[in-house]
>>> print(open('my_file.cif').read())   # mmCIF, C-alpha atoms
data_my_file
loop_
_atom_site.label_atom_id
_atom_site.label_comp_id
_atom_site.auth_asym_id
_atom_site.auth_seq_id
_atom_site.Cartn_x
_atom_site.Cartn_y
_atom_site.Cartn_z
CA MET N 1425 41.81 -23.09 27.62
CA GLU N 1426 44.52 -25.70 27.20
CA ARG N 1427 43.64 -28.73 25.06
CA SER N 1428 45.70 -31.61 23.69
CA SER N 1429 46.12 -29.68 20.41
CA GLY N 1430 47.38 -26.61 22.33
CA PRO N 1431 45.75 -23.46 23.64
CA THR N 1432 42.29 -22.80 22.24
CA LEU N 1433 39.93 -19.87 22.56
CA LEU N 1434 36.70 -20.43 24.48
CA LEU N 1435 34.09 -17.72 24.98
CA GLN N 1436 31.74 -18.42 27.86
CA GLU N 1437 28.76 -16.34 29.01
CA GLN N 1438 28.56 -15.53 32.69
CA PRO N 1439 26.89 -16.42 34.98
CA SER N 1440 25.10 -19.06 32.85
CA GLY N 1441 28.31 -20.80 31.75
CA LYS N 1442 26.95 -21.21 28.20
CA VAL N 1443 29.77 -21.65 25.66
CA VAL N 1444 29.46 -19.24 22.72
CA ASN N 1445 30.41 -20.53 19.28
CA LEU N 1446 33.34 -18.76 17.64
CA ARG N 1447 32.98 -19.99 14.07
CA HIS N 1448 36.30 -18.74 12.67
CA PHE N 1449 38.56 -19.44 15.62
CA GLN N 1450 37.53 -23.11 15.61
CA ARG N 1451 39.51 -23.57 12.37
CA HIS N 1452 42.58 -21.60 13.44
CA GLN N 1453 44.53 -23.27 16.24
CA PRO N 1454 46.29 -22.57 18.56
CA HIS N 1455 45.35 -19.15 19.97
CA SER N 1456 46.95 -16.63 22.29
CA SER N 1457 46.35 -13.13 23.64
CA PRO N 1458 42.53 -13.03 23.31
CA SER N 1459 40.74 -9.69 23.65
CA LEU N 1460 37.04 -8.71 23.61
CA SER N 1461 35.17 -5.53 22.72
CA TRP N 1462 32.57 -4.00 25.11
CA ASN N 1463 29.75 -6.43 24.45
CA GLY N 1464 31.79 -9.28 23.01
CA ARG N 1465 30.77 -8.51 19.43
CA TYR N 1466 34.42 -8.55 18.37
CA VAL N 1467 36.90 -11.17 19.46
CA ALA N 1468 40.55 -10.65 18.60
CA ALA N 1469 43.40 -13.12 19.09
CA LEU N 1470 46.70 -14.24 17.67
CA VAL N 1471 46.67 -17.54 15.80
CA GLN N 1472 49.59 -19.63 14.70
CA GLN N 1473 49.73 -20.10 10.92
CA GLY N 1474 52.91 -21.87 9.91
CA SER N 1475 55.81 -19.95 11.43
CA GLN N 1476 53.81 -16.72 11.85
CA ARG N 1477 51.48 -15.48 14.58
CA VAL N 1478 48.63 -13.74 12.77
CA PRO N 1479 46.21 -11.25 14.37
CA LEU N 1480 42.57 -12.08 13.58
CA ILE N 1481 39.33 -10.34 14.55
CA GLU N 1482 35.98 -12.12 14.38
CA ASP N 1483 32.80 -10.05 14.14
CA ARG N 1484 30.29 -12.28 15.90
CA LEU N 1485 27.33 -10.21 14.63
CA SER N 1486 28.11 -10.27 10.90
CA GLY N 1487 30.20 -13.43 10.86
CA ALA N 1488 33.13 -11.65 9.16
CA LEU N 1489 36.75 -12.52 9.85
CA HIS N 1490 39.41 -9.80 9.55
CA ARG N 1491 43.12 -10.54 9.25
CA LEU N 1492 45.46 -7.67 10.10
CA PRO N 1493 48.52 -7.47 7.86
CA LEU N 1494 51.95 -7.55 9.45
CA PRO N 1495 55.28 -7.37 7.64
CA ALA N 1496 57.06 -10.74 7.54
CA ASP N 1497 59.89 -9.47 9.76
CA HIS N 1498 57.48 -8.54 12.60
CA THR N 1499 56.60 -11.17 15.19
CA ALA N 1500 53.27 -10.54 16.96
CA LEU N 1501 53.50 -11.21 20.69
CA ARG N 1502 50.35 -9.76 22.30
CA LEU N 1503 47.35 -7.71 21.31
CA SER N 1504 44.70 -5.62 23.01
CA LEU N 1505 41.45 -4.53 21.39
CA ALA N 1506 39.97 -1.18 22.46
CA PRO N 1507 36.56 -1.56 24.15
CA GLU N 1508 34.67 -0.01 21.20
CA ALA N 1509 36.91 -1.87 18.70
CA GLY N 1510 38.15 1.35 17.10
CA ARG N 1511 41.81 0.49 17.66
CA LEU N 1512 44.02 -2.48 18.31
CA ALA N 1513 47.41 -2.29 20.00
CA MET N 1514 49.90 -5.04 19.23
CA GLN N 1515 53.24 -5.76 20.80
CA VAL N 1516 55.66 -6.93 18.12
CA ALA N 1517 59.28 -8.04 18.08
CA LEU N 1518 61.46 -6.59 15.33
CA ASP N 1519 65.20 -7.19 15.13
CA GLY N 1520 65.34 -8.17 18.80
CA GLN N 1521 63.48 -5.06 19.97
CA LEU N 1522 59.96 -4.86 21.34
CA ARG N 1523 57.59 -2.27 19.88
CA VAL N 1524 53.91 -1.44 20.07
CA GLN N 1525 52.08 -1.04 16.79
CA LEU N 1526 48.68 0.66 16.77
CA PHE N 1527 46.02 -0.24 14.17
CA ASP N 1528 43.15 2.16 13.43
CA LEU N 1529 40.09 -0.05 12.83
CA THR N 1530 37.51 2.71 12.34
CA GLY N 1531 37.24 2.06 8.58
CA LEU N 1532 37.14 -1.71 9.10
CA LEU N 1533 34.82 -2.27 12.07
CA GLU N 1534 31.55 -0.73 13.21
CA PRO N 1535 31.91 0.55 16.82
CA ASP N 1536 30.75 -1.82 19.54
CA ARG N 1537 28.97 0.43 22.02
CA PRO N 1538 28.58 -0.47 25.69
CA GLY N 1539 25.15 -1.60 26.84
CA GLY N 1540 22.70 1.09 27.92
CA ILE N 1541 24.14 3.86 25.73
CA ALA N 1542 21.48 5.72 23.72
CA ILE N 1543 22.22 6.14 20.02
CA GLN N 1544 21.30 9.51 18.53
CA GLY N 1545 19.29 9.84 15.32
CA GLY N 1546 17.33 7.37 13.25
CA GLY N 1547 13.86 6.20 14.01
CA PRO N 1548 10.51 7.20 12.49
CA GLY N 1549 10.46 10.63 10.82
CA ALA N 1550 14.24 11.08 11.03
CA PRO N 1551 15.94 12.63 8.00
CA PRO N 1552 17.78 10.12 5.80
#
>>> encode(input="my_file.cif", output="structure tokens")
Amino acid sequence: MERSSGPTLLLQEQPSGKVVNLRHFQRHQPHSSPSLSWNGRYVAALVQQGSQRVPLIEDRLSGALHRLPLPADHTALRLSLAPEAGRLAMQVALDGQLRVQLFDLTGLLEPDRPGGIAIQGGGPGAPP
């Protein structure tokens, strides 16, 4: 959404139209290249911080904010979060060339499973 301060990230439920609070992205303006996981648990976007575009991921369930490190000579252009949030692809510019950098998020984020998928294990009487 375009506002007077620049592009801002707005998450809106459908079909109700209810606006969902994104606690961390409110403080980091402006935003570009937003991406959602399966159920919207994770929201990723690029934010402008000084002269750098920084990739951030907000975990809406836990409230955590994750910043992905990029070398200073890389300029982030776009990102795309995998549906289960296990990986993030980012287009970067480096020395005038465009590249895609892939981040493995499996040690950082818990998978966001699509609705209706049964999860194996756990429950009463299950081994620890």
>>> closest_residue(input="my_file.cif", among="N:Val1443, N:Leu1460, N:Val1478, N:Leu1512", to="Ala1496 (chain N)", atoms="only C-alpha atoms")
N:Val1478
>>> resolve_selection(input="my_file.cif", expression="the PyMOL selection byres ((chain N and resi 1494) around 12)", output="ChimeraX atom specification")
/N:1470,1476-1480,1491-1493,1495-1501,1514-1518,1525-1527
>>> residues_around(input="my_file.cif", residues="Leu1532 (chain N)", least_positions_apart="4", cutoff="9 Å", atoms="all atoms listed in the file", output="CSV table (one decimal) with C-alpha atoms, in the coordinates of the input")
chain,number,residue,atom,x,y,z
N,1490,HIS,CA,39.4,-9.8,9.6
N,1510,GLY,CA,38.2,1.4,17.1
N,1528,ASP,CA,43.2,2.2,13.4
>>> residues_near_point(input="my_file.cif", point="(34.4, 1.3, 18.9)", cutoff="10 Å", atoms="all atoms listed in the file", output="PyMOL selection string")
chain N and resi 1461-1462+1466+1505-1511+1529-1530+1533-1538
>>> atom_distance(input="my_file.cif", atom1="CA of Leu1446 (chain N)", atom2="CA of Arg1502 (chain N)")
19.8 Å
>>> closest_residue(input="my_file.cif", among="N:Ser1440, N:Gln1521, N:Gln1450, N:Ser1456", to="Glu1482 (chain N)", atoms="only C-alpha atoms")
N:Gln1450
>>> atom_distance(input="my_file.cif", atom1="CA of Leu1485 (chain N)", atom2="CA of Gln1473 (chain N)")
24.8 Å
>>> atom_distance(input="my_file.cif", atom1="CA of His1448 (chain N)", atom2="CA of Ala1513 (chain N)")
21.2 Å
